Structure formats: structure tokens, C-alpha cells
>>> print(open('data-v7.txt').read())   # compact mmCIF, N, CA and C atoms
# COMPACT_ATOMS: atom_id res chain seq x y z
N MET A 1 112.09 136.50 111.00
CA MET A 1 113.02 135.66 110.27
C MET A 1 112.85 135.90 108.78
N LYS A 2 113.95 136.11 108.11
CA LYS A 2 113.93 136.36 106.68
C LYS A 2 113.92 135.04 105.91
N ARG A 3 113.06 134.96 104.92
CA ARG A 3 112.97 133.73 104.13
C ARG A 3 113.69 133.89 102.80
N GLY A 4 114.40 132.85 102.41
CA GLY A 4 115.09 132.84 101.12
C GLY A 4 114.26 132.13 100.06
N ARG A 5 114.78 132.10 98.85
CA ARG A 5 114.10 131.40 97.78
C ARG A 5 114.16 129.89 98.02
N ALA A 6 113.12 129.20 97.59
CA ALA A 6 113.14 127.74 97.65
C ALA A 6 114.15 127.22 96.65
N ARG A 7 114.82 126.16 97.01
CA ARG A 7 115.84 125.59 96.13
C ARG A 7 115.30 124.31 95.50
N LYS A 8 115.73 124.06 94.28
CA LYS A 8 115.32 122.85 93.58
C LYS A 8 115.86 121.60 94.24
N SER A 9 117.08 121.64 94.71
CA SER A 9 117.74 120.46 95.24
C SER A 9 118.49 120.81 96.52
N LEU A 10 118.43 119.92 97.49
CA LEU A 10 119.18 120.12 98.71
C LEU A 10 120.66 119.85 98.51
N LEU A 11 120.98 118.99 97.57
CA LEU A 11 122.37 118.60 97.33
C LEU A 11 122.72 118.82 95.86
N PRO A 12 123.00 120.05 95.46
CA PRO A 12 123.32 120.25 94.05
C PRO A 12 124.68 119.67 93.70
N ARG A 13 124.84 119.28 92.45
CA ARG A 13 126.13 118.82 91.94
C ARG A 13 126.73 119.94 91.12
N LEU A 14 128.03 120.09 91.19
CA LEU A 14 128.74 121.03 90.34
C LEU A 14 129.62 120.23 89.40
N LEU A 15 129.40 120.41 88.10
CA LEU A 15 130.18 119.69 87.11
C LEU A 15 131.15 120.64 86.44
N ASN A 16 132.39 120.20 86.31
CA ASN A 16 133.43 121.00 85.69
C ASN A 16 133.51 120.63 84.21
N ASP A 17 133.28 121.61 83.34
CA ASP A 17 133.33 121.32 81.90
C ASP A 17 134.73 121.54 81.35
N GLU A 18 134.91 121.31 80.06
CA GLU A 18 136.24 121.43 79.45
C GLU A 18 136.77 122.85 79.43
N ASN A 19 135.94 123.86 79.65
CA ASN A 19 136.36 125.26 79.70
C ASN A 19 136.65 125.73 81.12
N ARG A 20 136.75 124.78 82.04
CA ARG A 20 137.01 125.07 83.46
C ARG A 20 135.92 125.92 84.10
N ARG A 21 134.71 125.70 83.67
CA ARG A 21 133.56 126.36 84.27
C ARG A 21 132.71 125.30 84.97
N PHE A 22 132.08 125.72 86.05
CA PHE A 22 131.21 124.81 86.78
C PHE A 22 129.77 125.04 86.38
N THR A 23 129.05 123.94 86.18
CA THR A 23 127.63 123.98 85.87
C THR A 23 126.89 123.33 87.02
N ARG A 24 125.85 123.99 87.50
CA ARG A 24 125.07 123.44 88.61
C ARG A 24 123.96 122.55 88.06
N LYS A 25 123.88 121.34 88.59
CA LYS A 25 122.85 120.38 88.21
C LYS A 25 122.18 119.89 89.48
N SER A 26 120.91 119.57 89.39
CA SER A 26 120.22 119.06 90.57
C SER A 26 120.62 117.61 90.80
N SER A 27 120.59 117.19 92.04
CA SER A 27 120.98 115.83 92.40
C SER A 27 119.83 114.87 92.17
N LEU A 28 120.17 113.60 92.12
CA LEU A 28 119.16 112.57 92.00
C LEU A 28 118.45 112.40 93.34
N ALA A 29 117.17 112.08 93.27
CA ALA A 29 116.36 111.95 94.49
C ALA A 29 116.93 110.91 95.45
N GLN A 30 117.46 109.81 94.92
CA GLN A 30 117.98 108.74 95.78
C GLN A 30 119.11 109.23 96.68
N ALA A 31 119.86 110.22 96.23
CA ALA A 31 120.98 110.74 97.03
C ALA A 31 120.50 111.48 98.26
N GLN A 32 119.20 111.72 98.36
CA GLN A 32 118.67 112.50 99.48
C GLN A 32 117.79 111.67 100.41
N PHE A 33 117.76 110.35 100.26
CA PHE A 33 116.93 109.49 101.10
C PHE A 33 117.39 109.46 102.55
N ALA A 34 118.69 109.56 102.77
CA ALA A 34 119.27 109.49 104.11
C ALA A 34 120.61 110.22 104.06
N PRO A 35 121.18 110.54 105.22
CA PRO A 35 122.47 111.25 105.21
C PRO A 35 123.55 110.48 104.45
N THR A 36 124.35 111.21 103.70
CA THR A 36 125.50 110.63 103.01
C THR A 36 126.75 111.05 103.78
N ASN A 37 127.47 110.06 104.30
CA ASN A 37 128.68 110.33 105.07
C ASN A 37 129.94 110.22 104.24
N THR A 38 129.88 109.45 103.16
CA THR A 38 131.08 109.21 102.38
C THR A 38 130.72 108.92 100.93
N ILE A 39 131.63 109.26 100.05
CA ILE A 39 131.43 109.09 98.61
C ILE A 39 132.67 108.43 98.02
N GLY A 40 132.45 107.43 97.19
CA GLY A 40 133.54 106.78 96.45
C GLY A 40 133.38 107.06 94.97
N ILE A 41 134.45 107.47 94.32
CA ILE A 41 134.44 107.75 92.89
C ILE A 41 135.36 106.74 92.22
N THR A 42 134.81 105.94 91.32
CA THR A 42 135.59 104.93 90.60
C THR A 42 134.85 104.54 89.34
N ASP A 43 135.48 103.81 88.48
CA ASP A 43 134.85 103.31 87.27
C ASP A 43 134.33 101.90 87.56
N ILE A 44 133.07 101.78 87.91
CA ILE A 44 132.49 100.51 88.33
C ILE A 44 132.29 99.56 87.15
N ASN A 45 131.83 100.08 86.02
CA ASN A 45 131.47 99.22 84.88
C ASN A 45 132.52 99.19 83.78
N ASN A 46 133.71 99.68 84.05
CA ASN A 46 134.85 99.59 83.14
C ASN A 46 134.59 100.25 81.78
N ASP A 47 133.93 101.42 81.78
CA ASP A 47 133.68 102.15 80.53
C ASP A 47 134.52 103.43 80.45
N ASN A 48 135.49 103.58 81.34
CA ASN A 48 136.37 104.76 81.43
C ASN A 48 135.63 106.05 81.77
N ILE A 49 134.46 105.93 82.41
CA ILE A 49 133.69 107.08 82.90
C ILE A 49 133.50 106.87 84.40
N LYS A 50 133.78 107.90 85.18
CA LYS A 50 133.68 107.79 86.64
C LYS A 50 132.24 107.59 87.08
N ASP A 51 132.08 106.70 88.05
CA ASP A 51 130.80 106.40 88.67
C ASP A 51 130.88 106.76 90.15
N ILE A 52 129.74 106.79 90.81
CA ILE A 52 129.68 107.25 92.20
C ILE A 52 129.05 106.18 93.08
N ILE A 53 129.64 105.98 94.26
CA ILE A 53 129.06 105.14 95.30
C ILE A 53 128.80 106.05 96.50
N LEU A 54 127.57 106.06 96.99
CA LEU A 54 127.20 106.86 98.17
C LEU A 54 126.85 105.92 99.31
N ARG A 55 127.23 106.33 100.50
CA ARG A 55 126.87 105.54 101.68
C ARG A 55 126.81 106.44 102.90
N GLY A 56 125.97 106.08 103.85
CA GLY A 56 125.83 106.91 105.04
C GLY A 56 125.05 106.23 106.14
N ASN A 57 123.94 106.84 106.54
CA ASN A 57 123.05 106.46 107.63
C ASN A 57 123.55 107.00 108.96
N LEU A 58 122.61 107.17 109.85
CA LEU A 58 122.89 107.54 111.25
C LEU A 58 121.98 106.70 112.12
N GLU A 59 122.58 105.85 112.95
CA GLU A 59 121.79 104.98 113.81
C GLU A 59 121.76 105.43 115.25
N ARG A 60 122.81 106.07 115.73
CA ARG A 60 122.85 106.49 117.13
C ARG A 60 122.53 107.98 117.22
N ILE A 61 121.25 108.28 117.31
CA ILE A 61 120.79 109.66 117.40
C ILE A 61 119.70 109.75 118.45
N ARG A 62 119.15 110.92 118.63
CA ARG A 62 118.10 111.12 119.63
C ARG A 62 116.85 110.32 119.28
N ALA A 63 116.22 109.81 120.31
CA ALA A 63 115.04 108.96 120.11
C ALA A 63 113.89 109.68 119.42
N ARG A 64 113.74 110.96 119.66
CA ARG A 64 112.58 111.66 119.09
C ARG A 64 112.67 111.86 117.58
N THR A 65 113.87 111.80 117.01
CA THR A 65 113.98 111.96 115.56
C THR A 65 114.02 110.62 114.82
N GLY A 66 114.38 109.55 115.49
CA GLY A 66 114.45 108.25 114.84
C GLY A 66 115.73 108.07 114.06
N MET A 67 115.99 106.83 113.66
CA MET A 67 117.21 106.52 112.93
C MET A 67 117.04 106.87 111.45
N TYR A 68 118.16 107.21 110.81
CA TYR A 68 118.19 107.46 109.38
C TYR A 68 118.89 106.26 108.74
N THR A 69 118.10 105.33 108.19
CA THR A 69 118.69 104.08 107.69
C THR A 69 118.21 103.73 106.28
N ALA A 70 117.88 104.70 105.48
CA ALA A 70 117.39 104.43 104.13
C ALA A 70 118.51 104.31 103.10
N ASN A 71 119.76 104.47 103.51
CA ASN A 71 120.87 104.45 102.56
C ASN A 71 121.76 103.24 102.84
N ASN A 72 121.44 102.10 102.23
CA ASN A 72 122.30 100.92 102.35
C ASN A 72 123.29 100.84 101.20
N GLY A 73 123.44 101.94 100.51
CA GLY A 73 124.41 102.04 99.44
C GLY A 73 123.75 102.31 98.11
N PHE A 74 124.15 103.38 97.48
CA PHE A 74 123.64 103.73 96.15
C PHE A 74 124.78 103.76 95.17
N VAL A 75 124.54 103.22 93.98
CA VAL A 75 125.50 103.25 92.89
C VAL A 75 124.89 104.09 91.78
N PHE A 76 125.66 105.09 91.33
CA PHE A 76 125.24 105.94 90.23
C PHE A 76 126.24 105.76 89.08
N ILE A 77 125.74 105.30 87.94
CA ILE A 77 126.59 105.07 86.77
C ILE A 77 126.64 106.35 85.95
N GLY A 78 127.85 106.82 85.67
CA GLY A 78 128.04 108.06 84.93
C GLY A 78 127.95 107.85 83.42
N SER A 79 127.58 108.92 82.72
CA SER A 79 127.52 108.90 81.26
C SER A 79 128.49 109.93 80.70
N GLU A 80 128.71 109.88 79.41
CA GLU A 80 129.60 110.85 78.75
C GLU A 80 129.07 112.27 78.85
N LYS A 81 127.77 112.43 79.05
CA LYS A 81 127.14 113.76 79.14
C LYS A 81 127.21 114.36 80.54
N GLY A 82 127.77 113.63 81.49
CA GLY A 82 127.86 114.13 82.86
C GLY A 82 126.63 113.85 83.68
N THR A 83 125.73 113.01 83.18
CA THR A 83 124.54 112.63 83.94
C THR A 83 124.80 111.29 84.63
N PHE A 84 123.96 110.97 85.59
CA PHE A 84 124.12 109.72 86.34
C PHE A 84 122.78 109.01 86.44
N ILE A 85 122.84 107.68 86.38
CA ILE A 85 121.65 106.86 86.53
C ILE A 85 121.85 105.98 87.76
N CYS A 86 120.85 105.95 88.62
CA CYS A 86 120.92 105.13 89.84
C CYS A 86 120.63 103.68 89.47
N VAL A 87 121.50 102.79 89.93
CA VAL A 87 121.30 101.35 89.73
C VAL A 87 120.63 100.82 90.99
N ASP A 88 119.51 100.10 90.84
CA ASP A 88 118.82 99.62 92.03
C ASP A 88 119.66 98.56 92.74
N GLN A 89 119.38 98.37 94.02
CA GLN A 89 120.21 97.51 94.85
C GLN A 89 120.18 96.05 94.42
N THR A 90 119.08 95.58 93.89
CA THR A 90 119.04 94.18 93.45
C THR A 90 119.97 93.95 92.27
N THR A 91 120.15 94.97 91.43
CA THR A 91 121.05 94.86 90.27
C THR A 91 122.50 95.05 90.70
N SER A 92 122.76 96.06 91.53
CA SER A 92 124.14 96.35 91.94
C SER A 92 124.67 95.34 92.95
N GLY A 93 123.77 94.76 93.76
CA GLY A 93 124.19 93.84 94.80
C GLY A 93 124.73 94.52 96.04
N LEU A 94 124.72 95.85 96.06
CA LEU A 94 125.26 96.60 97.19
C LEU A 94 124.21 96.72 98.28
N ASN A 95 124.54 96.20 99.46
CA ASN A 95 123.63 96.28 100.61
C ASN A 95 124.47 96.27 101.87
N VAL A 96 124.91 97.45 102.28
CA VAL A 96 125.80 97.59 103.44
C VAL A 96 124.98 98.20 104.58
N THR A 97 124.78 97.44 105.64
CA THR A 97 124.01 97.92 106.77
C THR A 97 124.92 98.66 107.75
N GLY A 98 124.28 99.40 108.67
CA GLY A 98 125.02 100.12 109.69
C GLY A 98 125.38 101.53 109.25
N THR A 99 126.04 102.24 110.14
CA THR A 99 126.49 103.59 109.86
C THR A 99 127.88 103.53 109.23
N VAL A 100 127.97 103.90 107.98
CA VAL A 100 129.25 103.86 107.26
C VAL A 100 129.86 105.25 107.29
N ARG A 101 131.13 105.34 107.68
CA ARG A 101 131.82 106.62 107.78
C ARG A 101 132.86 106.83 106.69
N LYS A 102 133.29 105.74 106.04
CA LYS A 102 134.36 105.89 105.05
C LYS A 102 134.27 104.79 104.01
N ILE A 103 134.46 105.16 102.74
CA ILE A 103 134.63 104.21 101.65
C ILE A 103 136.10 104.25 101.24
N PHE A 104 136.71 103.08 101.18
CA PHE A 104 138.08 102.95 100.71
C PHE A 104 138.05 102.20 99.39
N LEU A 105 138.77 102.69 98.40
CA LEU A 105 138.88 102.02 97.11
C LEU A 105 140.30 101.48 97.00
N TYR A 106 140.42 100.16 96.81
CA TYR A 106 141.73 99.53 96.73
C TYR A 106 141.69 98.49 95.62
N GLU A 107 142.49 98.72 94.57
CA GLU A 107 142.52 97.86 93.40
C GLU A 107 141.10 97.66 92.88
N ASN A 108 140.59 96.42 92.85
CA ASN A 108 139.22 96.20 92.37
C ASN A 108 138.25 95.95 93.52
N LYS A 109 138.58 96.48 94.69
CA LYS A 109 137.73 96.28 95.87
C LYS A 109 137.21 97.61 96.41
N VAL A 110 136.00 97.55 96.98
CA VAL A 110 135.41 98.69 97.68
C VAL A 110 135.21 98.24 99.12
N LEU A 111 135.85 98.97 100.05
CA LEU A 111 135.76 98.63 101.47
C LEU A 111 134.95 99.71 102.18
N PHE A 112 134.04 99.28 103.03
CA PHE A 112 133.17 100.20 103.76
C PHE A 112 133.52 100.14 105.25
N GLY A 113 133.99 101.26 105.81
CA GLY A 113 134.29 101.36 107.23
C GLY A 113 133.02 101.70 107.99
N ARG A 114 132.58 100.76 108.85
CA ARG A 114 131.32 100.92 109.58
C ARG A 114 131.59 101.13 111.07
N ASN A 115 130.72 101.90 111.71
CA ASN A 115 130.83 102.13 113.15
C ASN A 115 130.58 100.85 113.93
N ASN A 116 131.46 100.55 114.88
CA ASN A 116 131.28 99.48 115.87
C ASN A 116 131.04 98.10 115.28
N THR A 117 131.58 97.85 114.10
CA THR A 117 131.47 96.52 113.50
C THR A 117 132.57 96.34 112.46
N SER A 118 132.57 95.22 111.81
CA SER A 118 133.65 94.91 110.87
C SER A 118 133.53 95.72 109.56
N ILE A 119 134.64 95.73 108.82
CA ILE A 119 134.66 96.35 107.50
C ILE A 119 133.94 95.42 106.53
N LYS A 120 133.14 96.00 105.65
CA LYS A 120 132.45 95.24 104.62
C LYS A 120 133.19 95.42 103.31
N VAL A 121 133.47 94.32 102.60
CA VAL A 121 134.26 94.37 101.36
C VAL A 121 133.43 93.85 100.19
N TYR A 122 133.45 94.61 99.10
CA TYR A 122 132.83 94.19 97.84
C TYR A 122 133.91 94.20 96.77
N GLU A 123 133.83 93.23 95.87
CA GLU A 123 134.77 93.16 94.76
C GLU A 123 134.06 93.62 93.48
N LEU A 124 134.71 94.51 92.72
CA LEU A 124 134.14 94.99 91.46
C LEU A 124 134.34 93.93 90.38
N ASN A 125 133.34 93.71 89.59
CA ASN A 125 133.41 92.75 88.48
C ASN A 125 133.81 93.46 87.21
N HIS A 126 135.09 93.60 86.97
CA HIS A 126 135.56 94.22 85.73
C HIS A 126 135.82 93.20 84.68
>>> encode(input="data-v7.txt", output="C-alpha cells")
Amino acid sequence: MKRGRARKSLLPRLLNDENRRFTRKSSLAQAQFAPTNTIGITDINNDNIKDIILRGNLERIRARTGMYTANNGFVFIGSEKGTFICVDQTTSGLNVTGTVRKIFLYENKVLFGRNNTSIKVYELNH
């Protein structure tokens, strides 16, 4: 088996600059705690800079690997420089349990589509 080079990040981000070039940046560690099934892009803090909501988890999997449930929702606040800061869950208030497959953004609401249970709704405080 041929081995490749080790990579800095499992989930690199590609940022598009004003010259239409992509720059590769490493992802934040929190984005790799558990599988990410869906991503929502919106301006959470009303600063006209896009922010990121990540959600995922896998609960129905083989017994020998165990459940992946470390992602109850991550909020990353964007900056003008293209960097992101993770907001901890006690500050953001985001705590969505279960396996989330889809984030819907509607007006000032974030809706989380979860497997085999109801939709969870959060309202953005703008």
C-alpha cells in the first residue's frame, strides 16, 4: 500500500478572495469532533459578515464503532479577514440533539431537520 503525505486538516476550507483565487486554510478543531451532515450560512450577529452553523451526528450505526454524538451544533462567527471563531454552546444557546440531516434558514429562524423526531427551531436575535 502506498502512503501519501500527512495532511494538516481533514476538512480544509477554501476561501475565495477578491481576485477569484482560492486559498486553502485549515479547519477549526471543533468542526472535526463528529460528522457534519449539514451546514447553514447566515449572518448570525448582524455584522454583514457570513457566519457558519454546523450540525451532524450519527446515532444509528454499527455497535462496534459506537455513536458519533459530539456535535450538538457549532456556531462559527466570521471576521472580515475570512477567519472564524467558534462560539461555545453556553454562549450560543445552540443544543440540538439527535441526527440532523438538514438546516433550513427562513427569515430570522434556523430550523433543524432531525431523523425520526420533530424539527427543532431557533430564532436569531438580530
>>> residues_around(input="data-v7.txt", residues="segment 41-44 of chain A", least_positions_apart="6", cutoff="6.5 Å", atoms="only N, CA and C atoms", output="list in words")
Lys50, Asp51, Ile52, Ile53, Asn125 and His126 of chain A
>>> closest_residue(input="data-v7.txt", among="A:Gly40, A:Gly78, A:Gly73, A:Pro35", to="Val96 of chain A", atoms="only C-alpha atoms")
A:Gly73
>>> residues_near_point(input="data-v7.txt", point="(131.0, 101.4, 98.9)", cutoff="6.5 Å", atoms="all atoms listed in the file", output="PyMOL selection string")
chain A and resi 40+53-55+103-104+110-112
>>> atom_distance(input="data-v7.txt", atom1="atom CA of Asn19 of chain A", atom2="atom CA of Thr83 of chain A")
17.8 Å
>>> atom_distance(input="data-v7.txt", atom1="atom C of Thr90 of chain A", atom2="atom N of Phe74 of chain A")
11.6 Å
>>> residues_near_point(input="data-v7.txt", point="(125.6, 112.8, 98.0)", cutoff="7 Å", atoms="only N, CA and C atoms", output="PDB file with N, CA and C atoms, keeping the file's coordinate frame")
ATOM      1  N   LEU A  11     120.980 118.990  97.570  1.00  0.00           N
ATOM      2  CA  LEU A  11     122.370 118.600  97.330  1.00  0.00           C
ATOM      3  C   LEU A  11     122.720 118.820  95.860  1.00  0.00           C
ATOM      4  N   ALA A  31     119.860 110.220  96.230  1.00  0.00           N
ATOM      5  CA  ALA A  31     120.980 110.740  97.030  1.00  0.00           C
ATOM      6  C   ALA A  31     120.500 111.480  98.260  1.00  0.00           C
ATOM      7  N   GLN A  32     119.200 111.720  98.360  1.00  0.00           N
ATOM      8  CA  GLN A  32     118.670 112.500  99.480  1.00  0.00           C
ATOM      9  C   GLN A  32     117.790 111.670 100.410  1.00  0.00           C
ATOM     10  N   THR A  36     124.350 111.210 103.700  1.00  0.00           N
ATOM     11  CA  THR A  36     125.500 110.630 103.010  1.00  0.00           C
ATOM     12  C   THR A  36     126.750 111.050 103.780  1.00  0.00           C
ATOM     13  N   ILE A  39     131.630 109.260 100.050  1.00  0.00           N
ATOM     14  CA  ILE A  39     131.430 109.090  98.610  1.00  0.00           C
ATOM     15  C   ILE A  39     132.670 108.430  98.020  1.00  0.00           C
ATOM     16  N   LEU A  54     127.570 106.060  96.990  1.00  0.00           N
ATOM     17  CA  LEU A  54     127.200 106.860  98.170  1.00  0.00           C
ATOM     18  C   LEU A  54     126.850 105.920  99.310  1.00  0.00           C
TER      19      LEU A  54
END
>>> residues_around(input="data-v7.txt", residues="Val87 of chain A", least_positions_apart="3", cutoff="8 Å", atoms="all atoms listed in the file", output="PyMOL selection string")
chain A and resi 73-77+84+90-93
>>> write_last_selection(input="data-v7.txt", atoms="N, CA and C atoms", output="CSV table (one decimal), in the coordinates of the input")
chain,number,residue,atom,x,y,z
A,73,GLY,N,123.4,101.9,100.5
A,73,GLY,CA,124.4,102.0,99.4
A,73,GLY,C,123.8,102.3,98.1
A,74,PHE,N,124.2,103.4,97.5
A,74,PHE,CA,123.6,103.7,96.2
A,74,PHE,C,124.8,103.8,95.2
A,75,VAL,N,124.5,103.2,94.0
A,75,VAL,CA,125.5,103.2,92.9
A,75,VAL,C,124.9,104.1,91.8
A,76,PHE,N,125.7,105.1,91.3
A,76,PHE,CA,125.2,105.9,90.2
A,76,PHE,C,126.2,105.8,89.1
A,77,ILE,N,125.7,105.3,87.9
A,77,ILE,CA,126.6,105.1,86.8
A,77,ILE,C,126.6,106.4,86.0
A,84,PHE,N,124.0,111.0,85.6
A,84,PHE,CA,124.1,109.7,86.3
A,84,PHE,C,122.8,109.0,86.4
A,90,THR,N,119.1,95.6,93.9
A,90,THR,CA,119.0,94.2,93.4
A,90,THR,C,120.0,94.0,92.3
A,91,THR,N,120.2,95.0,91.4
A,91,THR,CA,121.0,94.9,90.3
A,91,THR,C,122.5,95.0,90.7
A,92,SER,N,122.8,96.1,91.5
A,92,SER,CA,124.1,96.4,91.9
A,92,SER,C,124.7,95.3,93.0
A,93,GLY,N,123.8,94.8,93.8
A,93,GLY,CA,124.2,93.8,94.8
A,93,GLY,C,124.7,94.5,96.0
>>> select_by_dssp(input="data-v7.txt", residues="segment 30-96 of chain A", states="alpha helix (DSSP H)", output="list in words")
Gln89, Thr90, Thr91 and Ser92 of chain A
>>> closest_residue(input="data-v7.txt", among="A:Ala34, A:Leu124, A:Ala29, A:Ile119", to="Asn71 of chain A", atoms="only N, CA and C atoms")
A:Ala34
>>> atom_distance(input="data-v7.txt", atom1="atom N of Glu123 of chain A", atom2="atom N of Asn45 of chain A")
12.2 Å
>>> axis_aligned_box(input="data-v7.txt", around="segment 99-117 of chain A", padding_each_side="6 Å", output="lines of an AutoDock Vina configuration file")
center_x = 134.3
center_y = 101.4
center_z = 104.1
size_x = 28.5
size_y = 22.9
size_z = 35.5
